[in-house]
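Structure file protein27.tsv; described as TSV, C-alpha atoms.
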```tsv
chain	number	residue	atom	x	y	z
L	262	MET	CA	-50.68	-1.57	-53.74
L	263	ALA	CA	-50.66	-0.20	-50.20
L	264	THR	CA	-50.11	3.52	-49.85
L	265	ARG	CA	-47.65	4.86	-47.36
L	266	THR	CA	-48.29	8.22	-45.81
L	267	LEU	CA	-46.05	9.94	-43.30
L	268	PRO	CA	-47.26	13.05	-41.51
L	269	LEU	CA	-45.13	16.15	-41.91
L	270	SER	CA	-44.30	16.14	-38.19
L	271	LYS	CA	-42.54	12.77	-38.59
L	272	ARG	CA	-40.75	13.64	-41.81
L	273	GLY	CA	-38.77	16.45	-40.24
L	274	PHE	CA	-38.63	19.88	-41.80
L	275	ASN	CA	-35.41	20.20	-43.80
L	276	PHE	CA	-34.52	22.02	-47.02
L	277	GLU	CA	-35.72	19.16	-49.24
L	278	VAL	CA	-39.14	19.04	-47.57
L	279	PHE	CA	-39.38	22.83	-47.76
L	280	MET	CA	-38.57	22.86	-51.50
L	281	TRP	CA	-40.98	19.99	-52.15
L	282	ALA	CA	-43.76	21.94	-50.42
L	283	PHE	CA	-42.70	25.19	-52.12
L	284	THR	CA	-42.83	23.57	-55.56
L	285	ARG	CA	-46.29	22.13	-54.87
L	286	PHE	CA	-47.69	25.40	-53.49
L	287	THR	CA	-46.31	27.50	-56.35
L	288	VAL	CA	-47.82	25.12	-58.88
L	289	ILE	CA	-51.20	25.32	-57.11
L	290	ALA	CA	-50.91	29.12	-57.28
L	291	MET	CA	-50.19	28.85	-61.00
L	292	TYR	CA	-53.22	26.61	-61.61
L	293	GLY	CA	-55.35	29.14	-59.73
L	294	LEU	CA	-54.01	31.99	-61.85
L	295	LEU	CA	-54.48	29.95	-65.03
L	296	LEU	CA	-58.10	29.29	-64.08
L	297	ALA	CA	-58.61	33.00	-63.36
L	298	GLY	CA	-56.98	33.74	-66.74
L	299	ILE	CA	-59.32	31.34	-68.56
L	300	ILE	CA	-62.35	32.94	-66.87
L	301	GLY	CA	-60.94	36.36	-67.81
L	302	GLY	CA	-60.55	35.09	-71.37
L	303	LEU	CA	-64.19	34.01	-71.45
L	304	ILE	CA	-65.28	37.44	-70.19
L	305	ALA	CA	-63.06	39.19	-72.76
L	306	SER	CA	-64.48	36.88	-75.43
L	307	ALA	CA	-68.05	37.82	-74.44
L	308	GLN	CA	-67.22	41.54	-74.33
L	309	THR	CA	-65.35	41.75	-77.62
L	310	GLY	CA	-67.05	39.01	-79.61
L	311	ALA	CA	-63.62	37.55	-80.34
L	312	ASN	CA	-63.13	33.80	-80.60
L	313	PHE	CA	-62.18	32.23	-77.21
L	314	GLY	CA	-59.34	30.30	-78.86
L	315	ASP	CA	-57.95	33.52	-80.28
L	316	ILE	CA	-58.14	35.14	-76.84
L	317	LEU	CA	-56.07	32.31	-75.35
L	318	TYR	CA	-53.65	32.54	-78.29
L	319	TRP	CA	-53.14	36.26	-77.68
L	320	ALA	CA	-52.71	35.61	-73.96
L	321	PHE	CA	-49.94	33.07	-74.63
L	322	PHE	CA	-48.20	35.22	-77.22
L	323	PRO	CA	-49.23	38.75	-76.15
L	324	ASN	CA	-46.48	40.74	-77.83
L	325	LEU	CA	-47.22	39.62	-81.37
L	326	ALA	CA	-47.96	42.61	-83.57
L	327	GLU	CA	-51.49	41.60	-84.49
L	328	ASN	CA	-52.68	41.21	-80.90
L	329	PRO	CA	-55.87	43.31	-80.71
L	330	LEU	CA	-56.25	42.82	-76.96
L	331	GLY	CA	-53.04	44.67	-76.10
L	332	GLN	CA	-54.79	47.51	-74.35
L	333	ILE	CA	-57.73	45.55	-72.95
L	334	TRP	CA	-55.92	42.93	-70.91
L	335	MET	CA	-53.23	45.22	-69.51
L	336	THR	CA	-55.24	46.48	-66.56
L	337	ILE	CA	-53.67	46.82	-63.10
L	338	LEU	CA	-55.34	43.56	-62.02
L	339	ALA	CA	-54.07	41.73	-65.10
L	340	LYS	CA	-50.55	43.10	-64.56
L	341	LEU	CA	-50.56	41.97	-60.92
L	342	MET	CA	-51.83	38.52	-61.97
L	343	VAL	CA	-49.17	38.21	-64.67
L	344	ILE	CA	-46.45	39.26	-62.21
L	345	ALA	CA	-47.76	36.79	-59.59
L	346	PHE	CA	-47.73	34.07	-62.25
L	347	LEU	CA	-44.22	35.07	-63.31
L	348	LEU	CA	-42.85	34.90	-59.76
L	349	SER	CA	-44.60	31.57	-59.07
L	350	ALA	CA	-43.28	30.14	-62.35
L	351	CYS	CA	-39.77	31.39	-61.57
L	352	GLY	CA	-39.74	29.86	-58.10
L	353	HIS	CA	-41.16	26.61	-59.43
L	354	GLY	CA	-38.80	26.59	-62.42
L	355	VAL	CA	-35.65	27.26	-60.40
L	356	HIS	CA	-36.29	24.17	-58.31
L	357	GLY	CA	-37.20	22.10	-61.38
L	358	VAL	CA	-34.16	23.09	-63.42
L	359	LEU	CA	-31.84	22.48	-60.45
L	360	GLU	CA	-33.43	19.07	-59.94
L	361	ILE	CA	-32.60	18.17	-63.55
L	362	LEU	CA	-29.09	19.66	-63.45
L	363	ASP	CA	-28.31	17.85	-60.18
L	364	ASP	CA	-28.91	14.58	-62.02
L	365	TYR	CA	-26.17	15.38	-64.52
L	366	PHE	CA	-23.74	17.53	-62.52
L	367	THR	CA	-22.53	15.17	-59.86
L	368	SER	CA	-19.59	17.04	-58.32
L	369	ALA	CA	-20.20	19.40	-55.42
L	370	GLY	CA	-18.46	22.30	-57.22
L	371	ALA	CA	-20.49	21.93	-60.42
L	372	ARG	CA	-23.71	21.73	-58.43
L	373	ARG	CA	-22.81	24.88	-56.50
L	374	TRP	CA	-22.05	26.78	-59.74
L	375	ALA	CA	-25.25	25.54	-61.37
L	376	ARG	CA	-27.23	26.62	-58.29
L	377	ASN	CA	-25.65	30.09	-58.24
L	378	PHE	CA	-26.11	30.56	-61.98
L	379	VAL	CA	-29.75	29.44	-62.13
L	380	ILE	CA	-30.80	31.48	-59.08
L	381	THR	CA	-29.00	34.60	-60.37
L	382	TYR	CA	-30.58	34.11	-63.80
L	383	ALA	CA	-34.05	33.73	-62.29
L	384	VAL	CA	-33.69	36.87	-60.15
L	385	VAL	CA	-32.36	39.02	-63.04
L	386	ALA	CA	-34.92	37.71	-65.55
L	387	SER	CA	-37.78	38.22	-63.05
L	388	LEU	CA	-36.74	41.81	-62.35
L	389	ILE	CA	-36.54	42.61	-66.07
L	390	ALA	CA	-39.88	40.94	-66.77
L	391	MET	CA	-41.62	42.71	-63.86
L	392	TYR	CA	-40.30	46.07	-65.07
L	393	VAL	CA	-41.43	45.45	-68.65
L	394	ILE	CA	-44.87	44.14	-67.63
L	395	TRP	CA	-45.49	46.98	-65.18
L	396	THR	CA	-44.41	49.75	-67.58
L	397	SER	CA	-46.13	48.33	-70.69
M	283	MET	CA	-19.42	13.42	-54.43
M	284	GLY	CA	-19.51	11.61	-57.72
M	285	SER	CA	-21.70	9.26	-59.68
M	286	ASP	CA	-20.86	5.66	-60.45
M	287	ARG	CA	-23.58	5.33	-63.04
M	288	ASN	CA	-22.35	3.57	-66.14
M	289	ILE	CA	-25.42	3.18	-68.34
M	290	SER	CA	-25.14	3.33	-72.10
M	291	LEU	CA	-27.62	5.42	-74.09
M	292	SER	CA	-29.07	2.32	-75.76
M	293	ALA	CA	-29.61	0.67	-72.35
M	294	ALA	CA	-31.22	3.85	-71.04
M	295	LEU	CA	-33.54	4.07	-74.06
M	296	GLY	CA	-34.43	0.38	-73.64
M	297	TYR	CA	-35.62	0.87	-70.05
M	298	LYS	CA	-39.11	-0.58	-69.83
M	299	GLY	CA	-40.68	1.89	-67.46
M	300	ASP	CA	-43.87	2.04	-69.53
M	301	GLY	CA	-46.38	4.86	-69.05
M	302	PRO	CA	-45.13	6.32	-65.75
M	303	PHE	CA	-41.56	6.54	-67.08
M	304	LEU	CA	-42.77	8.15	-70.31
M	305	THR	CA	-44.66	10.82	-68.37
M	306	TYR	CA	-41.59	11.37	-66.15
M	307	ILE	CA	-39.32	11.95	-69.18
M	308	LEU	CA	-41.89	14.10	-71.02
M	309	HIS	CA	-42.39	16.16	-67.85
M	310	ARG	CA	-38.66	16.93	-67.79
M	311	ILE	CA	-38.58	17.75	-71.49
M	312	GLY	CA	-41.64	19.96	-71.01
M	313	GLY	CA	-40.04	21.76	-68.07
M	314	SER	CA	-36.89	22.38	-70.08
M	315	ALA	CA	-39.00	23.63	-73.01
M	316	LEU	CA	-40.81	26.05	-70.70
M	317	PHE	CA	-37.49	27.30	-69.34
M	318	ILE	CA	-36.32	28.03	-72.90
M	319	PHE	CA	-39.68	29.63	-73.72
M	320	PHE	CA	-39.37	31.83	-70.62
M	321	THR	CA	-35.93	33.05	-71.77
M	322	ILE	CA	-37.17	33.78	-75.30
M	323	TYR	CA	-40.25	35.49	-73.85
M	324	ILE	CA	-38.13	37.83	-71.68
M	325	LEU	CA	-35.80	38.66	-74.59
M	326	SER	CA	-38.84	39.28	-76.79
M	327	LEU	CA	-40.34	41.60	-74.16
M	328	LEU	CA	-37.03	43.46	-74.12
M	329	GLY	CA	-37.41	44.09	-77.84
M	330	ALA	CA	-35.03	41.54	-79.36
M	331	GLU	CA	-36.37	41.37	-82.90
M	332	SER	CA	-35.06	37.86	-83.62
M	333	MET	CA	-36.79	36.50	-80.50
M	334	HIS	CA	-39.97	38.32	-81.48
M	335	THR	CA	-39.85	36.66	-84.89
M	336	LEU	CA	-39.19	33.29	-83.28
M	337	MET	CA	-42.23	33.62	-81.01
M	338	GLY	CA	-44.38	34.37	-84.04
M	339	ASN	CA	-43.17	31.24	-85.83
M	340	TRP	CA	-45.85	28.53	-85.85
M	341	VAL	CA	-43.34	25.67	-85.53
M	342	PHE	CA	-41.99	27.24	-82.34
M	343	GLN	CA	-45.54	27.68	-81.05
M	344	VAL	CA	-46.44	24.06	-81.83
M	345	VAL	CA	-43.33	22.69	-80.07
M	346	PHE	CA	-43.89	24.94	-77.06
M	347	LEU	CA	-47.57	24.01	-76.74
M	348	VAL	CA	-47.09	20.25	-77.25
M	349	PHE	CA	-44.47	20.01	-74.50
M	350	GLY	CA	-45.62	22.91	-72.30
M	351	LEU	CA	-49.22	21.70	-72.09
M	352	PHE	CA	-48.05	18.19	-71.27
M	353	HIS	CA	-45.96	19.61	-68.42
M	354	ALA	CA	-48.97	21.52	-67.07
M	355	ILE	CA	-51.43	18.60	-67.28
M	356	ASN	CA	-48.95	16.01	-65.98
M	357	GLY	CA	-48.08	18.41	-63.15
M	358	LEU	CA	-51.75	18.59	-62.23
M	359	ARG	CA	-51.89	14.79	-61.96
M	360	ILE	CA	-48.72	14.73	-59.82
M	361	THR	CA	-50.11	17.44	-57.54
M	362	ILE	CA	-53.46	15.67	-57.12
M	363	LEU	CA	-51.78	12.34	-56.30
M	364	ASP	CA	-49.38	14.08	-53.91
M	365	LEU	CA	-52.11	15.86	-52.03
M	366	TRP	CA	-54.45	12.83	-51.92
M	367	PRO	CA	-52.03	9.88	-51.48
M	368	LYS	CA	-54.88	7.35	-51.30
M	369	LEU	CA	-55.41	7.95	-55.02
M	370	ILE	CA	-51.92	6.61	-55.80
M	371	GLU	CA	-53.48	3.14	-55.98
M	372	HIS	CA	-55.17	4.33	-59.17
M	373	TYR	CA	-52.09	5.95	-60.70
M	374	ARG	CA	-52.35	4.06	-63.99
M	375	ALA	CA	-55.96	5.13	-64.43
M	376	ALA	CA	-54.87	8.68	-63.58
M	377	ILE	CA	-52.26	8.55	-66.34
M	378	ASN	CA	-54.89	7.35	-68.84
M	379	ILE	CA	-57.22	10.19	-67.84
M	380	GLU	CA	-54.29	12.59	-68.16
M	381	TRP	CA	-53.59	11.43	-71.72
M	382	ALA	CA	-57.24	11.84	-72.69
M	383	ALA	CA	-57.33	15.38	-71.24
M	384	TYR	CA	-54.00	16.22	-72.86
M	385	ILE	CA	-55.08	15.07	-76.32
M	386	LEU	CA	-58.25	17.18	-76.12
M	387	VAL	CA	-56.42	20.30	-74.91
M	388	VAL	CA	-53.45	20.00	-77.26
M	389	ALA	CA	-55.71	19.31	-80.25
M	390	PHE	CA	-57.64	22.51	-79.50
M	391	ALA	CA	-54.39	24.49	-79.04
M	392	LEU	CA	-52.83	23.16	-82.25
M	393	PHE	CA	-56.02	23.88	-84.18
M	394	ILE	CA	-55.86	27.54	-83.07
M	395	VAL	CA	-52.14	27.87	-83.83
M	396	LEU	CA	-52.38	26.23	-87.25
M	397	ARG	CA	-55.49	28.23	-88.14
M	398	ASN	CA	-53.63	31.43	-87.24
M	399	ALA	CA	-50.58	30.27	-89.23
M	400	PHE	CA	-52.37	29.24	-92.40
M	401	GLY	CA	-55.36	31.57	-92.35
M	402	GLY	CA	-59.02	30.74	-92.24
```

Represent the structure from my file as structure tokens, please.
Amino acid sequence: MATRTLPLSKRGFNFEVFMWAFTRFTVIAMYGLLLAGIIGGLIASAQTGANFGDILYWAFFPNLAENPLGQIWMTILAKLMVIAFLLSACGHGVHGVLEILDDYFTSAGARRWARNFVITYAVVASLIAMYVIWTS
Amino acid sequence: MGSDRNISLSAALGYKGDGPFLTYILHRIGGSALFIFFTIYILSLLGAESMHTLMGNWVFQVVFLVFGLFHAINGLRITILDLWPKLIEHYRAAINIEWAAYILVVAFALFIVLRNAFGG
């Protein structure tokens, strides 16, 4: 199968191309943060003697009552990383959810409402999450 | 703008897209699962007790990890093939590698969740 590649200069730079690039870059940012998180988990595992699997489990579900790392992982750096991950995930997710909804909402009005709703939801949820993470 | 699609559910389910189509559908399901998880996570952070209980439920954790991890690993394959288009020739091999990586990661994740759920 021959591959077809078209340089960005010939594709034109419209909204679709921008969102495609945005989605790719945010996901690369998330992979970078995940990798940093895994390395942080290994360091925390070495420092505390806790099982690495448990560290990852607590990282995924940090607000469960029995999480013994609550105070350890909530440093300024960790908070900034979590907020960066949150914003990347939100930007990535907004585009993804709209892509799915656009496949089912075919009228222009429904698509506009879906777009407004999802973007508003993402902004409000991000603000709440950033506040809670920063003040925890 | 409207759609003229007129495909029955049985016809849609019978579509023989094989591996690439399966990953496409699972990627969408995974993305939707992560969107729901994100909502529950925010409500839990806000102190909603029912959402907190839900997040602690092992069935919820299993469903989230099975679909969420697939989304993450499949997304990595898509990103790699997008950034290095010459690799698209080997897309079926890439999907096989993806499944192998996914099974290893998800098995580890499920082991941790189930061990936490049932003690040990």

* To do: Give me the residues within 12 Å of segment 278-293 of chain L as number ranges by chain, counting all atoms listed in the file and dropping any in the same chain fewer than 6 places off.
  => L: 268-272, 299-300, 342-360; M: 353-365

* Once you count all atoms listed in the file, which residues of chain M turn out to be within 10 Å of chain L? Could you give them as a ChimeraX atom specification? -> /M:283-286,310-311,313-314,316-317,320-321,323-329,334-335,337-338,343,347,354-355,357-358,360-362,364-372,390-391,393-395,397-398

Create the file for the chosen residues now, containing C-alpha atoms and written as a compact mmCIF listing (two decimals), keeping the file's coordinate frame.
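So the final result, stored in part-v6.txt, reads:
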```txt
# COMPACT_ATOMS: atom_id res chain seq x y z
CA MET M 283 -19.42 13.42 -54.43
CA GLY M 284 -19.51 11.61 -57.72
CA SER M 285 -21.70 9.26 -59.68
CA ASP M 286 -20.86 5.66 -60.45
CA ARG M 310 -38.66 16.93 -67.79
CA ILE M 311 -38.58 17.75 -71.49
CA GLY M 313 -40.04 21.76 -68.07
CA SER M 314 -36.89 22.38 -70.08
CA LEU M 316 -40.81 26.05 -70.70
CA PHE M 317 -37.49 27.30 -69.34
CA PHE M 320 -39.37 31.83 -70.62
CA THR M 321 -35.93 33.05 -71.77
CA TYR M 323 -40.25 35.49 -73.85
CA ILE M 324 -38.13 37.83 -71.68
CA LEU M 325 -35.80 38.66 -74.59
CA SER M 326 -38.84 39.28 -76.79
CA LEU M 327 -40.34 41.60 -74.16
CA LEU M 328 -37.03 43.46 -74.12
CA GLY M 329 -37.41 44.09 -77.84
CA HIS M 334 -39.97 38.32 -81.48
CA THR M 335 -39.85 36.66 -84.89
CA MET M 337 -42.23 33.62 -81.01
CA GLY M 338 -44.38 34.37 -84.04
CA GLN M 343 -45.54 27.68 -81.05
CA LEU M 347 -47.57 24.01 -76.74
CA ALA M 354 -48.97 21.52 -67.07
CA ILE M 355 -51.43 18.60 -67.28
CA GLY M 357 -48.08 18.41 -63.15
CA LEU M 358 -51.75 18.59 -62.23
CA ILE M 360 -48.72 14.73 -59.82
CA THR M 361 -50.11 17.44 -57.54
CA ILE M 362 -53.46 15.67 -57.12
CA ASP M 364 -49.38 14.08 -53.91
CA LEU M 365 -52.11 15.86 -52.03
CA TRP M 366 -54.45 12.83 -51.92
CA PRO M 367 -52.03 9.88 -51.48
CA LYS M 368 -54.88 7.35 -51.30
CA LEU M 369 -55.41 7.95 -55.02
CA ILE M 370 -51.92 6.61 -55.80
CA GLU M 371 -53.48 3.14 -55.98
CA HIS M 372 -55.17 4.33 -59.17
CA PHE M 390 -57.64 22.51 -79.50
CA ALA M 391 -54.39 24.49 -79.04
CA PHE M 393 -56.02 23.88 -84.18
CA ILE M 394 -55.86 27.54 -83.07
CA VAL M 395 -52.14 27.87 -83.83
CA ARG M 397 -55.49 28.23 -88.14
CA ASN M 398 -53.63 31.43 -87.24
```

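Between atom CA of Phe400 of chain M and atom CA of Val387 of chain M the interatomic distance comes to 20.1 Å.
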
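The space separating atom CA of Arg374 of chain M from atom CA of Ala294 of chain M comes to 22.3 Å.
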
* Structure fact -> Of L:Gly273, L:Leu362, L:Ala371, L:Thr396, the one nearest to Met335 of chain L when counting all atoms listed in the file is L:Thr396
